[in-house]
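This is work_22.pdb. It holds PDB, C-alpha atoms.
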```
ATOM      1  CA  MET A 246      -3.449 -14.598  10.675
ATOM      2  CA  GLY A 247      -1.868 -14.195   7.236
ATOM      3  CA  GLY A 248       1.592 -13.561   5.889
ATOM      4  CA  ASP A 249       4.727 -15.571   6.495
ATOM      5  CA  HIS A 250       4.658 -15.077  10.271
ATOM      6  CA  GLY A 251       1.016 -14.555  11.314
ATOM      7  CA  VAL A 252       0.359 -13.503  14.900
ATOM      8  CA  ARG A 253       4.089 -13.402  15.713
ATOM      9  CA  VAL A 254       4.191 -10.200  13.657
ATOM     10  CA  THR A 255       0.685  -8.749  13.697
ATOM     11  CA  VAL A 256       0.086  -8.909  17.447
ATOM     12  CA  PRO A 257       3.321  -7.196  18.638
ATOM     13  CA  ALA A 258       2.895  -4.582  15.891
ATOM     14  CA  ALA A 259      -0.628  -3.854  17.136
ATOM     15  CA  ILE A 260       0.547  -3.585  20.750
ATOM     16  CA  ASP A 261       3.314  -1.175  19.788
ATOM     17  CA  PHE A 262       0.989   0.953  17.656
ATOM     18  CA  LEU A 263      -1.500   1.308  20.508
ATOM     19  CA  GLU A 264       1.274   2.609  22.735
ATOM     20  CA  ARG A 265       2.170   5.236  20.136
ATOM     21  CA  GLU A 266      -1.386   6.355  19.286
ATOM     22  CA  PRO A 267      -3.653   6.816  22.317
ATOM     23  CA  ASP A 268      -6.743   7.615  20.194
ATOM     24  CA  VAL A 269      -6.718   4.277  18.335
ATOM     25  CA  SER A 270      -8.498   0.998  19.055
ATOM     26  CA  ILE A 271      -7.474  -2.254  17.373
ATOM     27  CA  ILE A 272      -9.493  -5.427  16.788
ATOM     28  CA  LEU A 273      -7.384  -8.544  16.317
ATOM     29  CA  VAL A 274      -9.291 -10.908  13.997
ATOM     30  CA  GLY A 275      -8.518 -14.599  13.784
ATOM     31  CA  LEU A 276      -8.063 -17.793  15.785
ATOM     32  CA  VAL A 277      -8.711 -16.755  19.369
ATOM     33  CA  ASP A 278      -6.366 -19.236  21.068
ATOM     34  CA  ALA A 279      -3.447 -18.259  18.860
ATOM     35  CA  ILE A 280      -4.030 -14.544  19.437
ATOM     36  CA  GLU A 281      -4.402 -14.910  23.206
ATOM     37  CA  THR A 282      -1.227 -17.005  23.404
ATOM     38  CA  GLU A 283       0.736 -14.330  21.531
ATOM     39  CA  LEU A 284      -0.691 -11.577  23.735
ATOM     40  CA  ARG A 285       0.448 -13.423  26.858
ATOM     41  CA  ARG A 286       3.897 -13.893  25.337
ATOM     42  CA  HIS A 287       4.213 -10.120  25.178
ATOM     43  CA  GLY A 288       2.718  -9.537  28.601
ATOM     44  CA  ALA A 289      -0.401  -7.965  27.104
ATOM     45  CA  HIS A 290      -4.100  -8.630  27.450
ATOM     46  CA  VAL A 291      -7.453  -7.560  26.050
ATOM     47  CA  HIS A 292      -8.632  -4.143  27.224
ATOM     48  CA  GLU A 293     -10.960  -1.361  26.052
ATOM     49  CA  ARG A 294      -8.668  -0.414  23.147
ATOM     50  CA  LEU A 295      -7.555  -3.923  22.205
ATOM     51  CA  SER A 296     -10.149  -6.591  21.470
ATOM     52  CA  ILE A 297     -10.391  -9.944  19.710
ATOM     53  CA  LYS A 298     -12.925 -10.969  17.087
ATOM     54  CA  GLY A 299     -12.917 -14.701  16.540
ATOM     55  CA  ALA A 300     -12.770 -16.322  13.091
ATOM     56  CA  SER A 301     -12.699 -20.082  12.620
ATOM     57  CA  GLN A 302     -10.883 -20.173   9.255
ATOM     58  CA  VAL A 303      -7.647 -18.829   7.784
ATOM     59  CA  VAL A 304      -6.933 -18.056   4.129
ATOM     60  CA  ALA A 305      -3.696 -19.764   3.152
ATOM     61  CA  MET A 306      -1.136 -17.898   1.070
ATOM     62  CA  ASP A 307      -1.678 -20.320  -1.834
ATOM     63  CA  ASP A 308      -5.487 -20.439  -1.701
ATOM     64  CA  PRO A 309      -7.098 -19.412  -5.016
ATOM     65  CA  PRO A 310      -9.124 -16.190  -4.564
ATOM     66  CA  ALA A 311     -12.371 -17.900  -5.593
ATOM     67  CA  GLN A 312     -11.880 -20.619  -2.971
ATOM     68  CA  ALA A 313     -11.118 -18.056  -0.275
ATOM     69  CA  LEU A 314     -14.199 -16.054  -1.227
ATOM     70  CA  ARG A 315     -16.722 -18.882  -1.488
ATOM     71  CA  GLY A 316     -15.275 -21.636   0.672
ATOM     72  CA  LYS A 317     -13.974 -19.683   3.672
ATOM     73  CA  ARG A 318     -16.741 -17.349   4.689
ATOM     74  CA  ASP A 319     -15.576 -17.306   8.305
ATOM     75  CA  SER A 320     -11.936 -16.581   7.519
ATOM     76  CA  SER A 321     -10.122 -13.855   9.435
ATOM     77  CA  MET A 322      -9.841 -11.913   6.176
ATOM     78  CA  ARG A 323     -13.584 -12.094   5.470
ATOM     79  CA  VAL A 324     -14.545 -11.233   9.057
ATOM     80  CA  ALA A 325     -12.193  -8.233   9.048
ATOM     81  CA  ALA A 326     -13.725  -6.946   5.802
ATOM     82  CA  ASP A 327     -17.208  -7.431   7.264
ATOM     83  CA  LEU A 328     -16.229  -5.304  10.276
ATOM     84  CA  VAL A 329     -15.321  -2.468   7.915
ATOM     85  CA  LYS A 330     -18.569  -2.889   5.975
ATOM     86  CA  GLU A 331     -20.569  -2.799   9.221
ATOM     87  CA  GLN A 332     -18.611   0.334  10.293
ATOM     88  CA  VAL A 333     -17.386  -1.423  13.407
ATOM     89  CA  ALA A 334     -13.872  -0.793  12.107
ATOM     90  CA  ASP A 335     -12.596   2.139  10.047
ATOM     91  CA  ALA A 336      -9.987   0.091   8.182
ATOM     92  CA  CYS A 337      -8.672  -3.419   7.606
ATOM     93  CA  VAL A 338      -4.974  -4.365   7.522
ATOM     94  CA  SER A 339      -3.791  -7.784   6.362
ATOM     95  CA  ALA A 340      -0.507  -9.477   5.445
ATOM     96  CA  GLY A 341      -2.328 -12.373   3.806
ATOM     97  CA  ASN A 342      -2.959 -13.622   0.277
ATOM     98  CA  THR A 343      -3.147 -10.541  -1.997
ATOM     99  CA  GLY A 344      -5.515 -12.022  -4.565
ATOM    100  CA  ALA A 345      -7.868 -13.301  -1.882
ATOM    101  CA  LEU A 346      -7.811  -9.990  -0.026
ATOM    102  CA  MET A 347      -8.670  -8.119  -3.218
ATOM    103  CA  ALA A 348     -11.477 -10.524  -4.131
ATOM    104  CA  ILE A 349     -12.992 -10.573  -0.644
ATOM    105  CA  SER A 350     -12.699  -6.813  -0.164
ATOM    106  CA  ARG A 351     -14.292  -6.061  -3.516
ATOM    107  CA  PHE A 352     -17.134  -8.522  -2.885
ATOM    108  CA  VAL A 353     -17.848  -7.330   0.659
ATOM    109  CA  LEU A 354     -17.217  -3.600   0.401
ATOM    110  CA  LYS A 355     -18.144  -2.931  -3.274
ATOM    111  CA  MET A 356     -16.712  -0.073  -5.344
ATOM    112  CA  LEU A 357     -16.988   3.665  -4.790
ATOM    113  CA  PRO A 358     -19.246   5.550  -7.233
ATOM    114  CA  GLY A 359     -17.384   6.436 -10.406
ATOM    115  CA  ILE A 360     -14.602   3.892  -9.803
ATOM    116  CA  GLU A 361     -14.722   0.833 -12.052
ATOM    117  CA  ARG A 362     -11.680  -1.061 -10.798
ATOM    118  CA  PRO A 363      -9.676  -1.107  -7.565
ATOM    119  CA  ALA A 364      -5.982  -0.283  -7.742
ATOM    120  CA  ILE A 365      -3.023  -1.237  -5.579
ATOM    121  CA  ALA A 366      -1.080   1.840  -4.495
ATOM    122  CA  SER A 367       2.108   2.105  -2.485
ATOM    123  CA  PHE A 368       4.911   4.566  -1.783
ATOM    124  CA  LEU A 369       8.499   4.464  -2.998
ATOM    125  CA  PRO A 370      11.388   6.660  -1.845
ATOM    126  CA  LYS A 371      12.604   9.564  -3.960
ATOM    127  CA  ILE A 372      15.369  12.158  -3.543
ATOM    128  CA  GLN A 373      13.164  14.271  -1.282
ATOM    129  CA  GLY A 374      10.302  12.444   0.410
ATOM    130  CA  ARG A 375       8.373   9.693  -1.347
ATOM    131  CA  VAL A 376       6.156   9.091  -4.361
ATOM    132  CA  CYS A 377       2.860   7.214  -4.631
ATOM    133  CA  VAL A 378       2.735   4.730  -7.515
ATOM    134  CA  LEU A 379      -0.381   2.933  -8.800
ATOM    135  CA  ASP A 380      -1.502   0.494 -10.094
ATOM    136  CA  LEU A 381       1.023  -2.066  -8.865
ATOM    137  CA  GLY A 382      -0.612  -5.227 -10.141
ATOM    138  CA  ALA A 383      -4.378  -5.327  -9.722
ATOM    139  CA  ASN A 384      -5.208  -4.462 -13.343
ATOM    140  CA  VAL A 385      -3.057  -5.721 -16.203
ATOM    141  CA  ASP A 386      -5.217  -4.184 -18.948
ATOM    142  CA  CYS A 387      -6.588  -0.682 -18.432
ATOM    143  CA  THR A 388      -8.491   1.936 -20.390
ATOM    144  CA  ALA A 389      -7.654   5.633 -20.387
ATOM    145  CA  GLU A 390     -10.603   6.216 -18.056
ATOM    146  CA  HIS A 391      -9.210   3.696 -15.580
ATOM    147  CA  LEU A 392      -5.880   5.548 -15.499
ATOM    148  CA  VAL A 393      -7.707   8.809 -14.756
ATOM    149  CA  GLN A 394      -9.539   7.112 -11.905
ATOM    150  CA  PHE A 395      -6.198   5.865 -10.568
ATOM    151  CA  ALA A 396      -4.900   9.432 -10.710
ATOM    152  CA  VAL A 397      -7.840  10.662  -8.647
ATOM    153  CA  MET A 398      -7.347   7.942  -6.030
ATOM    154  CA  GLY A 399      -3.579   8.450  -5.861
ATOM    155  CA  SER A 400      -4.027  12.183  -5.457
ATOM    156  CA  CYS A 401      -6.469  11.690  -2.587
ATOM    157  CA  LEU A 402      -4.173   9.158  -0.905
ATOM    158  CA  VAL A 403      -1.192  11.533  -0.989
ATOM    159  CA  SER A 404      -3.330  14.397   0.302
ATOM    160  CA  ALA A 405      -4.491  12.192   3.169
ATOM    161  CA  VAL A 406      -1.202  10.716   4.342
ATOM    162  CA  ASP A 407       1.298  13.418   3.309
ATOM    163  CA  GLY A 408      -0.825  16.549   3.680
ATOM    164  CA  ILE A 409      -0.158  17.831   0.131
ATOM    165  CA  GLU A 410      -3.184  19.861  -0.960
ATOM    166  CA  ARG A 411      -2.797  19.432  -4.746
ATOM    167  CA  PRO A 412      -0.371  16.589  -5.432
ATOM    168  CA  SER A 413       1.345  16.664  -8.807
ATOM    169  CA  ILE A 414       0.554  13.698 -11.056
ATOM    170  CA  GLY A 415       2.733  12.082 -13.698
ATOM    171  CA  LEU A 416       1.723   9.489 -16.277
ATOM    172  CA  LEU A 417       4.398   6.804 -16.629
ATOM    173  CA  ASN A 418       5.480   6.600 -20.252
ATOM    174  CA  ILE A 419       8.463   5.783 -22.475
ATOM    175  CA  GLY A 420       9.183   9.484 -22.948
ATOM    176  CA  GLU A 421       8.060  12.921 -21.799
ATOM    177  CA  GLU A 422       6.861  14.030 -25.236
ATOM    178  CA  GLU A 423       3.124  14.037 -25.886
ATOM    179  CA  ILE A 424       3.556  11.920 -29.015
ATOM    180  CA  LYS A 425       5.151   9.048 -27.061
ATOM    181  CA  GLY A 426       3.310   6.001 -25.737
ATOM    182  CA  ASN A 427       0.450   3.763 -26.822
ATOM    183  CA  ASP A 428      -3.081   4.958 -27.550
ATOM    184  CA  VAL A 429      -4.312   4.279 -24.003
ATOM    185  CA  VAL A 430      -1.593   6.416 -22.444
ATOM    186  CA  LYS A 431      -2.088   9.214 -24.994
ATOM    187  CA  ASP A 432      -5.843   9.252 -24.398
ATOM    188  CA  ALA A 433      -5.334   9.216 -20.633
ATOM    189  CA  ALA A 434      -3.005  12.202 -20.908
ATOM    190  CA  GLU A 435      -5.665  14.159 -22.800
ATOM    191  CA  LEU A 436      -8.279  13.358 -20.176
ATOM    192  CA  LEU A 437      -5.921  14.318 -17.353
ATOM    193  CA  ARG A 438      -5.083  17.645 -19.001
ATOM    194  CA  ALA A 439      -8.796  18.408 -19.209
ATOM    195  CA  SER A 440      -9.412  17.456 -15.564
ATOM    196  CA  GLU A 441      -9.043  19.575 -12.444
ATOM    197  CA  LEU A 442      -6.160  17.413 -11.256
ATOM    198  CA  ASN A 443      -2.631  18.824 -10.997
ATOM    199  CA  PHE A 444      -1.327  16.904 -14.019
ATOM    200  CA  SER A 445       2.378  17.433 -14.782
ATOM    201  CA  GLY A 446       2.510  15.381 -17.971
ATOM    202  CA  ASN A 447       4.376  12.252 -18.956
ATOM    203  CA  VAL A 448       7.225  10.958 -16.795
ATOM    204  CA  GLU A 449       9.815   8.275 -17.452
ATOM    205  CA  GLY A 450      11.010   5.416 -15.263
ATOM    206  CA  THR A 451      13.953   7.452 -13.969
ATOM    207  CA  ASP A 452      11.519  10.055 -12.622
ATOM    208  CA  ILE A 453      10.079   7.593 -10.106
ATOM    209  CA  TYR A 454      13.048   8.056  -7.792
ATOM    210  CA  MET A 455      14.230  11.495  -8.902
ATOM    211  CA  GLY A 456      11.163  13.224  -7.496
ATOM    212  CA  ALA A 457       9.445  14.652 -10.565
ATOM    213  CA  THR A 458       5.914  14.259  -9.174
ATOM    214  CA  ASP A 459       3.980  13.234  -6.049
ATOM    215  CA  VAL A 460       1.909  10.558  -7.842
ATOM    216  CA  ILE A 461       2.809   8.309 -10.778
ATOM    217  CA  VAL A 462       0.043   6.489 -12.639
ATOM    218  CA  CYS A 463       0.380   3.387 -14.819
ATOM    219  CA  ASP A 464      -1.394   0.114 -15.521
ATOM    220  CA  GLY A 465      -0.820  -2.851 -13.221
ATOM    221  CA  PHE A 466       1.465  -4.707 -15.609
ATOM    222  CA  VAL A 467       3.925  -1.823 -15.928
ATOM    223  CA  GLY A 468       3.659  -0.909 -12.246
ATOM    224  CA  ASN A 469       4.343  -4.403 -10.987
ATOM    225  CA  VAL A 470       7.364  -4.832 -13.248
ATOM    226  CA  ALA A 471       8.742  -1.460 -12.104
ATOM    227  CA  LEU A 472       8.215  -2.366  -8.447
ATOM    228  CA  LYS A 473       9.821  -5.804  -8.669
ATOM    229  CA  THR A 474      12.732  -4.386 -10.669
ATOM    230  CA  SER A 475      13.284  -1.795  -7.932
ATOM    231  CA  GLU A 476      13.259  -4.449  -5.225
ATOM    232  CA  GLY A 477      15.798  -6.542  -7.129
ATOM    233  CA  LEU A 478      18.070  -3.547  -7.684
ATOM    234  CA  ALA A 479      17.975  -2.659  -3.977
ATOM    235  CA  GLN A 480      18.908  -6.215  -3.012
ATOM    236  CA  MET A 481      21.744  -6.271  -5.534
ATOM    237  CA  LEU A 482      23.204  -2.968  -4.271
ATOM    238  CA  ALA A 483      23.011  -4.165  -0.666
ATOM    239  CA  GLN A 484      24.853  -7.356  -1.630
ATOM    240  CA  TYR A 485      27.496  -5.349  -3.509
ATOM    241  CA  LEU A 486      28.115  -3.158  -0.450
ATOM    242  CA  ARG A 487      28.501  -6.171   1.828
ATOM    243  CA  GLU A 488      30.938  -7.803  -0.581
ATOM    244  CA  GLU A 489      33.057  -4.674  -1.047
ATOM    245  CA  PHE A 490      33.323  -3.812   2.644
ATOM    246  CA  GLY A 491      34.078  -7.435   3.514
ATOM    247  CA  ARG A 492      36.749  -7.901   0.826
ATOM    248  CA  ASN A 493      39.786  -7.587   3.147
ATOM    249  CA  LEU A 494      40.957  -6.143   6.456
ATOM    250  CA  PHE A 495      41.398  -2.637   5.018
ATOM    251  CA  THR A 496      37.876  -2.505   3.541
ATOM    252  CA  LYS A 497      36.452  -3.854   6.808
ATOM    253  CA  LEU A 498      38.143  -0.984   8.682
ATOM    254  CA  CYS A 499      36.751   1.435   6.099
ATOM    255  CA  GLY A 500      33.332  -0.059   6.740
ATOM    256  CA  LEU A 501      33.656   0.614  10.467
ATOM    257  CA  VAL A 502      34.588   4.233   9.795
ATOM    258  CA  ALA A 503      31.687   4.621   7.356
ATOM    259  CA  LEU A 504      29.191   2.797   9.585
ATOM    260  CA  PRO A 505      27.203   5.926  10.632
ATOM    261  CA  VAL A 506      26.776   6.899   6.967
ATOM    262  CA  ILE A 507      25.873   3.339   5.988
ATOM    263  CA  ASN A 508      23.277   3.115   8.757
ATOM    264  CA  HIS A 509      21.737   6.441   7.742
ATOM    265  CA  PHE A 510      21.632   5.327   4.116
ATOM    266  CA  ARG A 511      20.091   2.000   5.104
ATOM    267  CA  ASN A 512      17.393   3.795   7.097
ATOM    268  CA  ARG A 513      16.522   6.079   4.173
ATOM    269  CA  VAL A 514      16.020   3.207   1.758
ATOM    270  CA  ASP A 515      14.688   0.651   4.275
ATOM    271  CA  HIS A 516      11.802  -0.992   2.421
ATOM    272  CA  ARG A 517      10.069  -1.732   5.722
ATOM    273  CA  ARG A 518       9.328   1.980   6.152
ATOM    274  CA  TYR A 519       7.316   1.879   2.921
ATOM    275  CA  ASN A 520       5.342  -1.249   3.775
ATOM    276  CA  GLY A 521       1.624  -1.218   3.171
ATOM    277  CA  ALA A 522      -0.168  -1.101  -0.175
ATOM    278  CA  SER A 523      -3.586   0.524  -0.256
ATOM    279  CA  LEU A 524      -6.428  -1.190  -2.113
ATOM    280  CA  LEU A 525      -8.022   1.962  -3.496
ATOM    281  CA  GLY A 526     -11.486   2.364  -4.987
ATOM    282  CA  LEU A 527     -13.388   0.328  -2.399
ATOM    283  CA  ARG A 528     -16.126   1.568  -0.075
ATOM    284  CA  GLY A 529     -13.770   1.012   2.810
ATOM    285  CA  ILE A 530     -10.097   1.266   3.665
ATOM    286  CA  VAL A 531      -8.046  -1.875   3.120
ATOM    287  CA  VAL A 532      -4.249  -1.994   3.394
ATOM    288  CA  LYS A 533      -2.153  -4.960   2.293
ATOM    289  CA  SER A 534       1.115  -5.546   4.133
ATOM    290  CA  HIS A 535       3.961  -7.474   2.529
ATOM    291  CA  GLY A 536       3.667 -11.119   3.503
ATOM    292  CA  ALA A 537       7.283 -11.259   4.730
ATOM    293  CA  ALA A 538       6.967  -8.113   6.863
ATOM    294  CA  ASP A 539       8.323  -8.112  10.404
ATOM    295  CA  ALA A 540       6.593  -6.322  13.282
ATOM    296  CA  TYR A 541       8.392  -3.053  12.520
ATOM    297  CA  ALA A 542       7.221  -3.105   8.898
ATOM    298  CA  PHE A 543       3.681  -4.198   9.758
ATOM    299  CA  GLY A 544       3.417  -1.184  12.047
ATOM    300  CA  PHE A 545       3.834   1.069   9.002
ATOM    301  CA  ALA A 546       0.967  -0.735   7.262
ATOM    302  CA  ILE A 547      -1.223  -0.054  10.296
ATOM    303  CA  ARG A 548      -0.139   3.592  10.223
ATOM    304  CA  ARG A 549      -1.098   3.845   6.549
ATOM    305  CA  ALA A 550      -4.631   2.667   7.325
ATOM    306  CA  TYR A 551      -4.803   5.008  10.331
ATOM    307  CA  GLU A 552      -3.796   8.059   8.271
ATOM    308  CA  GLU A 553      -6.248   7.235   5.487
ATOM    309  CA  ALA A 554      -9.126   6.888   7.944
ATOM    310  CA  ARG A 555      -8.155   9.924  10.016
ATOM    311  CA  HIS A 556      -8.024  12.238   7.009
ATOM    312  CA  GLY A 557     -11.235  11.064   5.330
ATOM    313  CA  MET A 558      -9.639   9.688   2.185
ATOM    314  CA  LEU A 559     -12.791   7.904   0.979
ATOM    315  CA  THR A 560     -14.825  11.112   1.135
ATOM    316  CA  SER A 561     -12.111  12.948  -0.762
ATOM    317  CA  ILE A 562     -12.065  10.337  -3.564
ATOM    318  CA  GLY A 563     -15.852  10.530  -3.868
ATOM    319  CA  GLU A 564     -15.849  14.318  -4.106
ATOM    320  CA  LYS A 565     -13.082  14.432  -6.736
ATOM    321  CA  MET A 566     -14.711  11.740  -8.848
ATOM    322  CA  ALA A 567     -18.034  13.610  -8.711
ATOM    323  CA  ALA A 568     -16.292  16.815  -9.863
ATOM    324  CA  ILE A 569     -14.594  15.039 -12.776
ATOM    325  CA  GLN A 570     -17.838  13.385 -13.883
ATOM    326  CA  LYS A 571     -19.643  16.741 -13.700
ATOM    327  CA  THR A 572     -16.934  18.362 -15.850
ATOM    328  CA  ALA A 573     -17.080  15.512 -18.373
ATOM    329  CA  ALA A 574     -20.871  15.849 -18.611
TER     330      ALA A 574
END
```

Before anything else, please render the file you have as structure tokens.
Amino acid sequence: MGGDHGVRVTVPAAIDFLEREPDVSIILVGLVDAIETELRRHGAHVHERLSIKGASQVVAMDDPPAQALRGKRDSSMRVAADLVKEQVADACVSAGNTGALMAISRFVLKMLPGIERPAIASFLPKIQGRVCVLDLGANVDCTAEHLVQFAVMGSCLVSAVDGIERPSIGLLNIGEEEIKGNDVVKDAAELLRASELNFSGNVEGTDIYMGATDVIVCDGFVGNVALKTSEGLAQMLAQYLREEFGRNLFTKLCGLVALPVINHFRNRVDHRRYNGASLLGLRGIVVKSHGAADAYAFGFAIRRAYEEARHGMLTSIGEKMAAIQKTAA
């Protein structure tokens, strides 16, 4: 029910995903009348792989997390999290209020053993493939131990969705040298070097897109700034291209000639293909879609949750955290 478009996006995305993945079942959670109306609009109906779970309340995009948690106990977000807790569902996907989703998910599902704080993780494009970056805003202030926990979770996520057995991990810093950075980053680097993780050392901001590592770890303040800066840069470049190709008749003709290249470029950097941020560290899989996502983008958020569940990401995080704690002891 959440996001900028609600059922107009989530329902068609669910229908399309079911057609692509015959081994999946989807539960649509929310206001029953609204969901049924949208299903009819697409010529679809409830069947053995597509069901509806009613919820009488909806968390608004501007609801404070505390209000959503305490005052809307029958919200679609809360009911969806409960389904994961009760193991009726393997994962929850929402385009709704990020703060509320984090608060509700943490309250309902609790944290995995050895994980003190949840982290928001997502993928960004790089020269070859993509890179997982976390935390992207859940934790502004972190300890060195928190950053190590983020590294474990990011490594497990990449192994699950990209099939990389030992993902390489970089620690986002202001330089590659070991002497660079604040005390938290330096301490985290020492802990990561002593761990069984595939730690590659410090990386700089330019390495995010140049493909230095498979996972990049940072605190939520740095990660969110880096993410929003990237989004702004992408929008600026797209605007520049439109202006240059539309400058006069000659540039418009050049644009027509270059259209196949432009379309291929646009597909490679299409932010919709990277939609879906994982709320890692919980005793259940929760994926947050961008609130402005269309049906195409929301489908990628569903796929993220599907891949995490299919490859046993939660079990993997638990096993790696247990190994690290055993080594530390």

- Task: For each of A:Leu482, A:Val254, A:Ala546, A:Val338, take the minimum atom-to-atom distance to A:Ile280, counting only C-alpha atoms, then give the residue where this is smallest.
- Result: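 Under the stated criterion, the closest residue is A:Val254.
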
- Task: Name the residues that the PyMOL selection byres ((chain A and resi 349-362) around 9) pulls out of this structure, and write them as a ChimeraX atom specification.
- Result: /A:310-311,313-314,322-323,326-327,329-330,344-348,363-364,383-384,391,394-395,524-529,531,559,562-563,566-567,570

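If all atoms listed in the file are the atoms counted, then among A:Ile409, A:Val393, A:Leu402, A:Ala279 the closest residue to A:Val462 is A:Val393.
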
- Message: Here is a test: counting all atoms listed in the file, which residue of A:Val324, A:Leu437, A:Gly374, A:Gln312 is nearest to A:Glu390?
- Response: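 Closest candidate: A:Leu437.
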
- Task: Using the chain letters and numbers from the file, give me the residues hit by the PyMOL selection byres ((chain A and resi 399) around 8), as number ranges by chain.
- Result: A: 366, 377-379, 395-398, 400-403, 460, 462

- Restricting the calculation to only C-alpha atoms, which member of A:Leu472, A:Ala522, A:Ala503, A:Ala537 is positioned closest to A:Cys337?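 Distance minimum relative to A:Cys337 lands on A:Ala522.
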
If the box runs along x, y and z of the file and leaves 3 Å on each side of stretch 477-490 of chain A, what are its centre and edge lengths in Å, one decimal, as lines of an AutoDock Vina configuration file?
```
center_x = 24.6
center_y = -5.2
center_z = -2.5
size_x = 23.5
size_y = 11.1
size_z = 16.3
```

- Could you name the residues that touch stretch 303-308 of chain A at 8 Å or less, counting only C-alpha atoms, but leaving out those on the same chain fewer than 3 positions away, as a list in words?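 Close residues of stretch 303-308 of chain A: Met246, Gly247, Gly248, Gly275, Ala300, Gln312, Ala313, Lys317, Ser320, Ser321, Met322, Gly341, Asn342 and Ala345 of chain A.
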
- Note on the structure: re atom CA of A:Leu276 and atom CA of A:Lys298: distance 8.5 Å

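Minimum atom-to-atom distance to A:Glu266, evaluated using only C-alpha atoms, belongs to A:Ile547 out of A:Ile547, A:Lys571, A:Gly536, A:Asn512.
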
- If you apply the PyMOL selection byres ((chain A and resi 382) around 7) to this file, what residues do you get, as a VMD selection string? chain A and resid 365 380 to 381 383 to 385 465 to 466 468 to 469

- Interatomic distance between atom CA of A:Asp407 and atom CA of A:Arg555?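 Separation between atom CA of A:Asp407 and atom CA of A:Arg555: 12.1 Å.
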
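Our summary of the geometry notes that atom CA of A:Asn443 is positioned 21.6 Å from atom CA of A:Asp428.
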
- Query: Between A:Glu441, A:Glu331, A:Glu435, A:Glu449, which has the minimum distance to A:Ile419 (counting all atoms listed in the file)?
  - Reply: A:Glu449

Residue neighbourhood A:Gly450, 9 Å, all atoms listed in the file, exclusion window fewer than 4 positions, as a tab-separated table (two decimals) with C-alpha atoms, keeping the file's coordinate frame:
```tsv
chain	number	residue	atom	x	y	z
A	417	LEU	CA	4.40	6.80	-16.63
A	418	ASN	CA	5.48	6.60	-20.25
A	419	ILE	CA	8.46	5.78	-22.48
A	420	GLY	CA	9.18	9.48	-22.95
A	454	TYR	CA	13.05	8.06	-7.79
A	471	ALA	CA	8.74	-1.46	-12.10
```

- Item | Distance query A:Pro370 at most 10 Å, all atoms listed in the file, self and fewer than 5 positions along chain excluded, as a PyMOL selection string | chain A and resi 375-377+453-456+513-516+518-519
